[in-house]
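K.L.:
Okay, so here is input-v8.pdb, and as you'll see once you scroll down, it has PDB, C-alpha atoms.
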```pdb
ATOM      1  CA  MET A  17      -3.790 -18.273   6.997
ATOM      2  CA  THR A  18      -5.767 -19.292   3.943
ATOM      3  CA  ASN A  19      -4.997 -17.976   0.487
ATOM      4  CA  GLU A  20      -8.224 -15.960   0.663
ATOM      5  CA  THR A  21      -7.192 -14.377   3.982
ATOM      6  CA  ALA A  22      -3.670 -13.657   2.750
ATOM      7  CA  SER A  23      -5.078 -12.198  -0.457
ATOM      8  CA  ALA A  24      -7.540  -9.982   1.428
ATOM      9  CA  SER A  25      -4.718  -8.517   3.498
ATOM     10  CA  LYS A  26      -2.704  -7.303   0.502
ATOM     11  CA  PRO A  27      -3.304  -3.713  -0.570
ATOM     12  CA  ARG A  28      -4.809  -2.915  -3.946
ATOM     13  CA  PHE A  29      -3.069  -0.292  -6.092
ATOM     14  CA  ILE A  30      -5.128   2.155  -8.138
ATOM     15  CA  MET A  31      -3.484   4.704 -10.408
ATOM     16  CA  CYS A  32      -5.633   7.672 -11.379
ATOM     17  CA  VAL A  33      -4.136   9.265 -14.489
ATOM     18  CA  CYS A  34      -6.297  12.395 -14.628
ATOM     19  CA  THR A  35      -7.630  11.681 -18.148
ATOM     20  CA  GLY A  36      -4.140  10.801 -19.360
ATOM     21  CA  GLN A  37      -3.671  14.420 -20.419
ATOM     22  CA  CYS A  38      -2.520  15.988 -17.128
ATOM     23  CA  PRO A  39       0.864  17.684 -17.546
ATOM     24  CA  GLY A  40       1.730  16.449 -14.045
ATOM     25  CA  PHE A  41       2.095  12.929 -15.429
ATOM     26  CA  GLN A  42       4.058  13.772 -18.584
ATOM     27  CA  ASN A  43       7.264  12.219 -17.172
ATOM     28  CA  LEU A  44       5.511   9.040 -16.015
ATOM     29  CA  ASP A  45       5.484   5.831 -18.007
ATOM     30  CA  VAL A  46       2.197   4.577 -16.559
ATOM     31  CA  TRP A  47       2.573   1.059 -17.936
ATOM     32  CA  ALA A  48       6.111   0.645 -16.604
ATOM     33  CA  LEU A  49       4.824   1.746 -13.182
ATOM     34  CA  MET A  50       1.819  -0.578 -13.295
ATOM     35  CA  ASN A  51       3.867  -3.590 -14.358
ATOM     36  CA  TYR A  52       6.449  -2.875 -11.659
ATOM     37  CA  VAL A  53       3.777  -2.553  -8.959
ATOM     38  CA  ARG A  54       1.852  -5.683  -9.941
ATOM     39  CA  ASN A  55       4.923  -7.861 -10.571
ATOM     40  CA  GLU A  56       7.452  -6.638  -8.020
ATOM     41  CA  LEU A  57       5.506  -5.341  -5.033
ATOM     42  CA  GLY A  58       3.294  -7.234  -2.598
ATOM     43  CA  VAL A  59      -0.057  -5.986  -3.866
ATOM     44  CA  GLU A  60      -3.161  -7.977  -4.698
ATOM     45  CA  TYR A  61      -3.340  -6.271  -8.100
ATOM     46  CA  ALA A  62      -2.846  -2.928  -9.826
ATOM     47  CA  ILE A  63      -5.365  -1.075 -11.972
ATOM     48  CA  VAL A  64      -5.621   2.246 -13.800
ATOM     49  CA  HIS A  65      -8.640   4.540 -13.670
ATOM     50  CA  PRO A  66      -8.821   7.531 -16.009
ATOM     51  CA  GLN A  67     -10.309  10.031 -13.528
ATOM     52  CA  LEU A  68     -11.506   9.039 -10.053
ATOM     53  CA  CYS A  69     -12.806  12.520  -9.190
ATOM     54  CA  VAL A  70     -15.737  12.523 -11.634
ATOM     55  CA  ASP A  71     -19.103  10.703 -11.762
ATOM     56  CA  ASP A  72     -17.783   7.423 -13.133
ATOM     57  CA  GLY A  73     -15.097   7.538 -10.463
ATOM     58  CA  ASP A  74     -17.854   7.657  -7.845
ATOM     59  CA  ARG A  75     -19.556   4.704  -9.544
ATOM     60  CA  PHE A  76     -16.240   2.862  -9.588
ATOM     61  CA  TRP A  77     -15.731   3.395  -5.844
ATOM     62  CA  ARG A  78     -19.319   2.311  -5.076
ATOM     63  CA  ASP A  79     -18.743  -0.915  -6.958
ATOM     64  CA  TYR A  80     -15.129  -1.536  -5.962
ATOM     65  CA  ALA A  81     -14.456  -0.304  -2.404
ATOM     66  CA  LYS A  82     -14.934  -2.759   0.433
ATOM     67  CA  PRO A  83     -14.680  -2.390   4.211
ATOM     68  CA  GLY A  84     -11.469  -3.849   5.621
ATOM     69  CA  VAL A  85      -9.411  -3.549   2.419
ATOM     70  CA  THR A  86      -6.468  -1.181   2.048
ATOM     71  CA  TYR A  87      -6.072   0.799  -1.163
ATOM     72  CA  ILE A  88      -2.966   2.653  -2.323
ATOM     73  CA  VAL A  89      -4.115   5.367  -4.712
ATOM     74  CA  GLY A  90      -1.606   7.127  -6.922
ATOM     75  CA  GLY A  91      -2.776  10.394  -8.392
ATOM     76  CA  CYS A  92      -2.996  14.037  -7.396
ATOM     77  CA  ASP A  93      -2.534  15.739  -4.036
ATOM     78  CA  ALA A  94      -3.541  13.452  -1.139
ATOM     79  CA  ARG A  95      -5.729  16.168   0.413
ATOM     80  CA  MET A  96      -7.577  16.610  -2.874
ATOM     81  CA  GLN A  97      -8.082  12.859  -3.163
ATOM     82  CA  ARG A  98      -9.647  12.851   0.305
ATOM     83  CA  LYS A  99     -11.903  15.772  -0.566
ATOM     84  CA  MET A 100     -12.987  14.277  -3.896
ATOM     85  CA  TYR A 101     -13.985  10.773  -2.888
ATOM     86  CA  LYS A 102     -14.241  10.526   0.886
ATOM     87  CA  ASP A 103     -18.049  10.876   0.799
ATOM     88  CA  VAL A 104     -18.620   8.126  -1.759
ATOM     89  CA  LEU A 105     -16.320   5.833   0.207
ATOM     90  CA  ASP A 106     -18.305   6.579   3.374
ATOM     91  CA  GLU A 107     -21.480   5.538   1.501
ATOM     92  CA  VAL A 108     -20.121   2.011   1.048
ATOM     93  CA  GLY A 109     -18.577   1.640   4.494
ATOM     94  CA  THR A 110     -15.002   2.342   3.465
ATOM     95  CA  ASP A 111     -13.083   4.769   5.661
ATOM     96  CA  PHE A 112     -10.740   7.029   3.694
ATOM     97  CA  ASP A 113      -8.547   7.798   6.695
ATOM     98  CA  SER A 114      -7.877   4.186   7.669
ATOM     99  CA  GLN A 115      -8.121   2.375   4.323
ATOM    100  CA  ILE A 116      -6.703   4.737   1.699
ATOM    101  CA  VAL A 117      -3.037   5.589   1.258
ATOM    102  CA  ALA A 118      -3.224   8.544  -1.102
ATOM    103  CA  LEU A 119       0.018   9.251  -2.944
ATOM    104  CA  ASP A 120       0.698  12.385  -4.947
ATOM    105  CA  LEU A 121       2.640  11.027  -7.921
ATOM    106  CA  ARG A 122       2.568  14.136 -10.096
ATOM    107  CA  ASN A 123       5.634  15.846 -11.498
ATOM    108  CA  MET A 124       8.093  13.026 -10.957
ATOM    109  CA  PRO A 125       9.814  10.577 -13.266
ATOM    110  CA  THR A 126       8.769   6.936 -13.415
ATOM    111  CA  GLU A 127      11.610   5.696 -11.189
ATOM    112  CA  GLU A 128      10.657   8.143  -8.448
ATOM    113  CA  THR A 129       6.995   7.085  -8.575
ATOM    114  CA  MET A 130       8.086   3.461  -8.321
ATOM    115  CA  LYS A 131      10.122   4.283  -5.225
ATOM    116  CA  LYS A 132       7.234   6.154  -3.593
ATOM    117  CA  VAL A 133       4.762   3.313  -4.205
ATOM    118  CA  LYS A 134       7.311   0.764  -2.964
ATOM    119  CA  GLU A 135       7.771   2.773   0.249
ATOM    120  CA  ALA A 136       4.002   2.821   0.803
ATOM    121  CA  VAL A 137       3.742  -0.943   0.314
ATOM    122  CA  GLU A 138       6.677  -1.498   2.671
ATOM    123  CA  TYR A 139       5.087   0.678   5.372
ATOM    124  CA  LEU A 140       1.856  -1.243   5.034
ATOM    125  CA  SER A 141       3.565  -4.610   5.305
ATOM    126  CA  GLN A 142       5.472  -3.846   8.513
ATOM    127  CA  GLU A 143       4.917  -5.842  11.680
ATOM    128  CA  GLY A 144       1.331  -6.843  12.240
ATOM    129  CA  GLY A 145       0.376  -6.900   8.577
ATOM    130  CA  TYR A 146      -1.202  -4.298   6.367
ATOM    131  CA  ALA A 147      -3.703  -2.923   8.883
ATOM    132  CA  ALA A 148      -1.010  -2.219  11.479
ATOM    133  CA  GLY A 149       1.298  -0.859   8.805
ATOM    134  CA  ARG A 150      -1.404   1.624   7.753
ATOM    135  CA  ALA A 151      -0.744   3.714  10.870
ATOM    136  CA  SER A 152       2.931   3.880   9.932
ATOM    137  CA  ALA A 153       2.073   4.986   6.415
ATOM    138  CA  CYS A 154      -0.134   7.743   7.804
ATOM    139  CA  GLU A 155       2.688   8.899  10.054
ATOM    140  CA  CYS A 156       5.035   8.896   7.067
ATOM    141  CA  GLU A 157       2.606  11.027   5.046
ATOM    142  CA  ALA A 158       2.252  13.425   7.983
ATOM    143  CA  ASP A 159       6.040  13.634   8.335
ATOM    144  CA  GLU A 160       6.367  14.448   4.619
ATOM    145  CA  ALA A 161       3.720  17.156   4.946
ATOM    146  CA  ASP A 162       5.578  18.623   7.932
ATOM    147  CA  GLU A 163       8.843  18.599   5.935
ATOM    148  CA  ASP A 164       7.134  20.305   2.992
ATOM    149  CA  SER A 165       5.716  22.965   5.336
ATOM    150  CA  ALA A 166       9.128  23.540   6.898
ATOM    151  CA  LYS A 167      10.735  23.919   3.454
ATOM    152  CA  ALA A 168       8.085  26.436   2.424
ATOM    153  CA  ALA A 169       8.649  28.528   5.565
TER     154      ALA A 169
END
```
Give the structure from the file, written as structure tokens.
P.N.:
Amino acid sequence: MTNETASASKPRFIMCVCTGQCPGFQNLDVWALMNYVRNELGVEYAIVHPQLCVDDGDRFWRDYAKPGVTYIVGGCDARMQRKMYKDVLDEVGTDFDSQIVALDLRNMPTEETMKKVKEAVEYLSQEGGYAAGRASACECEADEADEDSAKAA
């Protein structure tokens, strides 16, 4: 495997901070998270975007998203992330359901966000590489949603 191939198989981490003013991120040290992710986890790189759900977020995705690349996106509710930028990803040939691991990182301290991102990276790096691991990550997200539903009932 060439360095280019190995590099292409690593997920990219994007942290959407909801303008930096969202109360849901008040307990998060964004820079500690970003440095942990880029230095300690097996990602290609980590970046921060101020608000992916608005017009410049759409422009960002049009410029940035590529078919065949996996993105871990930290931000708000995973269902809202899908609703807000699935269409723009479709425009550029990027499939939200198979290429995006959307993590809700609101209302948790920095250490907990680190753990959640680490778990996503680990799922993606399981046997068969990142693409095969993506199915496991989706199952994990579905399991968490089922647990949340059961707790609410």
K.L.:
Taking the file above as input, evaluate the PyMOL selection byres ((chain A and resi 129-132) around 8) and report the hits as a PyMOL selection string.
P.N.:
chain A and resi 44+49+52-53+119+121+124-128+133-136
K.L.:
Take every atom of region 32-42 of chain A listed in the file, fit an axis-aligned box around them, add 5 Å per side, and give the centre and edge lengths in Å to one decimal as lines of an AutoDock Vina configuration file.
P.N.:
```
center_x = -1.8
center_y = 12.7
center_z = -15.9
size_x = 21.7
size_y = 20.0
size_z = 19.0
```
K.L.:
Smallest atom-to-atom distance to Cys38 (chain A): which of A:Pro66, A:Asp79, A:Asp72, A:Asp111, using only C-alpha atoms?
P.N.:
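Among the listed residues, the smallest separation from Cys38 (chain A) belongs to A:Pro66.
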K.L.:
Expand the PyMOL selection byres ((chain A and resi 29) around 8) into the individual residues it matches in the shown file, reporting them as a compact mmCIF listing (two decimals) with C-alpha atoms, in the frame of the given file.
P.N.:
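Done, and the output landed in selection_7.txt:
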```
# COMPACT_ATOMS: atom_id res chain seq x y z
CA PRO A 27 -3.30 -3.71 -0.57
CA ARG A 28 -4.81 -2.92 -3.95
CA ILE A 30 -5.13 2.15 -8.14
CA MET A 31 -3.48 4.70 -10.41
CA VAL A 53 3.78 -2.55 -8.96
CA VAL A 59 -0.06 -5.99 -3.87
CA GLU A 60 -3.16 -7.98 -4.70
CA TYR A 61 -3.34 -6.27 -8.10
CA ALA A 62 -2.85 -2.93 -9.83
CA ILE A 63 -5.36 -1.08 -11.97
CA TYR A 87 -6.07 0.80 -1.16
CA ILE A 88 -2.97 2.65 -2.32
CA VAL A 89 -4.12 5.37 -4.71
CA GLY A 90 -1.61 7.13 -6.92
```
K.L.:
List, as a CSV table (one decimal) with C-alpha atoms, in the frame of the given file, every residue that the PyMOL selection byres ((chain A and resi 108) around 10) selects in the file provided.
P.N.:
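part_20.csv was written with the following content:
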```csv
chain,number,residue,atom,x,y,z
A,77,TRP,CA,-15.7,3.4,-5.8
A,78,ARG,CA,-19.3,2.3,-5.1
A,79,ASP,CA,-18.7,-0.9,-7.0
A,80,TYR,CA,-15.1,-1.5,-6.0
A,81,ALA,CA,-14.5,-0.3,-2.4
A,82,LYS,CA,-14.9,-2.8,0.4
A,83,PRO,CA,-14.7,-2.4,4.2
A,103,ASP,CA,-18.0,10.9,0.8
A,104,VAL,CA,-18.6,8.1,-1.8
A,105,LEU,CA,-16.3,5.8,0.2
A,106,ASP,CA,-18.3,6.6,3.4
A,107,GLU,CA,-21.5,5.5,1.5
A,109,GLY,CA,-18.6,1.6,4.5
A,110,THR,CA,-15.0,2.3,3.5
A,111,ASP,CA,-13.1,4.8,5.7
```
K.L.:
Rounded to one decimal, what separation in Å do you get between CA of Val85 (chain A) and CA of Asn55 (chain A)?
P.N.:
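Result for CA of Val85 (chain A) versus CA of Asn55 (chain A): 19.8 Å, one decimal.
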K.L.:
Rounded to one decimal, what separation in Å do you get between CA of Gln42 (chain A) and CA of Val117 (chain A)?
P.N.:
22.6 Å
K.L.:
Rounded to one decimal place, report the CA of Asp93 (chain A)-CA of Leu57 (chain A) distance in Å.
P.N.:
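Taking CA of Asp93 (chain A) as the start and CA of Leu57 (chain A) as the end point, the length is 22.6 Å.
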K.L.:
Could you please give me, as a PyMOL selection string, the residues of protein, DNA or RNA lying at most 10 Å from (-7.6, 12.0, -18.7) in the coordinate frame of the file, considering only C-alpha atoms?
P.N.:
chain A and resi 32-38+65-68
K.L.:
Looking at all atoms listed in the file, which of A:Cys92, A:Val70, A:Ala48, A:Val64 is the one that sits closest to Asp120 (chain A)?
P.N.:
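Using all atoms listed in the file, the shortest distance to Asp120 (chain A) belongs to A:Cys92.
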K.L.:
Measuring atom to atom with only C-alpha atoms, identify which of A:Val46, A:Arg95, A:Gly58, A:Phe41 is nearest to Glu138 (chain A).
P.N.:
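Closest residue, counting only C-alpha atoms: A:Gly58.
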K.L.:
Kindly indicate which residue among A:Ser25, A:Asp74, A:Cys69, A:Arg122 lies nearest to Gln97 (chain A), using all atoms listed in the file for the distances.
P.N.:
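Closest residue, counting all atoms listed in the file: A:Cys69.
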K.L.:
Can you rebuild region 31-44 of chain A with N, CA and C atoms and give it as a PDB file, keeping the file's coordinate frame?
P.N.:
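And here's out-v3.pdb as it stands now:
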```pdb
ATOM      1  N   MET A  31      -4.148   3.523  -9.872  1.00  0.00           N
ATOM      2  CA  MET A  31      -3.484   4.704 -10.408  1.00  0.00           C
ATOM      3  C   MET A  31      -4.510   5.522 -11.161  1.00  0.00           C
ATOM      4  N   CYS A  32      -4.748   6.739 -10.695  1.00  0.00           N
ATOM      5  CA  CYS A  32      -5.633   7.672 -11.379  1.00  0.00           C
ATOM      6  C   CYS A  32      -4.758   8.556 -12.261  1.00  0.00           C
ATOM      7  N   VAL A  33      -5.003   8.544 -13.555  1.00  0.00           N
ATOM      8  CA  VAL A  33      -4.136   9.265 -14.489  1.00  0.00           C
ATOM      9  C   VAL A  33      -4.706  10.596 -14.963  1.00  0.00           C
ATOM     10  N   CYS A  34      -5.757  11.066 -14.328  1.00  0.00           N
ATOM     11  CA  CYS A  34      -6.297  12.395 -14.628  1.00  0.00           C
ATOM     12  C   CYS A  34      -6.495  12.583 -16.136  1.00  0.00           C
ATOM     13  N   THR A  35      -7.271  11.720 -16.720  1.00  0.00           N
ATOM     14  CA  THR A  35      -7.630  11.681 -18.148  1.00  0.00           C
ATOM     15  C   THR A  35      -6.471  11.293 -19.068  1.00  0.00           C
ATOM     16  N   GLY A  36      -5.293  11.106 -18.530  1.00  0.00           N
ATOM     17  CA  GLY A  36      -4.140  10.801 -19.360  1.00  0.00           C
ATOM     18  C   GLY A  36      -3.543  12.030 -20.013  1.00  0.00           C
ATOM     19  N   GLN A  37      -4.137  13.187 -19.788  1.00  0.00           N
ATOM     20  CA  GLN A  37      -3.671  14.420 -20.419  1.00  0.00           C
ATOM     21  C   GLN A  37      -3.060  15.406 -19.429  1.00  0.00           C
ATOM     22  N   CYS A  38      -3.034  15.075 -18.144  1.00  0.00           N
ATOM     23  CA  CYS A  38      -2.520  15.988 -17.128  1.00  0.00           C
ATOM     24  C   CYS A  38      -1.015  16.185 -17.307  1.00  0.00           C
ATOM     25  N   PRO A  39      -0.572  17.429 -17.402  1.00  0.00           N
ATOM     26  CA  PRO A  39       0.864  17.684 -17.546  1.00  0.00           C
ATOM     27  C   PRO A  39       1.681  17.151 -16.363  1.00  0.00           C
ATOM     28  N   GLY A  40       1.036  16.967 -15.219  1.00  0.00           N
ATOM     29  CA  GLY A  40       1.730  16.449 -14.045  1.00  0.00           C
ATOM     30  C   GLY A  40       2.218  15.016 -14.209  1.00  0.00           C
ATOM     31  N   PHE A  41       1.685  14.311 -15.200  1.00  0.00           N
ATOM     32  CA  PHE A  41       2.095  12.929 -15.429  1.00  0.00           C
ATOM     33  C   PHE A  41       2.888  12.753 -16.722  1.00  0.00           C
ATOM     34  N   GLN A  42       3.363  13.856 -17.303  1.00  0.00           N
ATOM     35  CA  GLN A  42       4.058  13.772 -18.584  1.00  0.00           C
ATOM     36  C   GLN A  42       5.370  12.995 -18.502  1.00  0.00           C
ATOM     37  N   ASN A  43       6.004  12.940 -17.323  1.00  0.00           N
ATOM     38  CA  ASN A  43       7.264  12.219 -17.172  1.00  0.00           C
ATOM     39  C   ASN A  43       7.069  10.792 -16.667  1.00  0.00           C
ATOM     40  N   LEU A  44       5.819  10.356 -16.560  1.00  0.00           N
ATOM     41  CA  LEU A  44       5.511   9.040 -16.015  1.00  0.00           C
ATOM     42  C   LEU A  44       5.162   8.058 -17.125  1.00  0.00           C
TER      43      LEU A  44
END
```
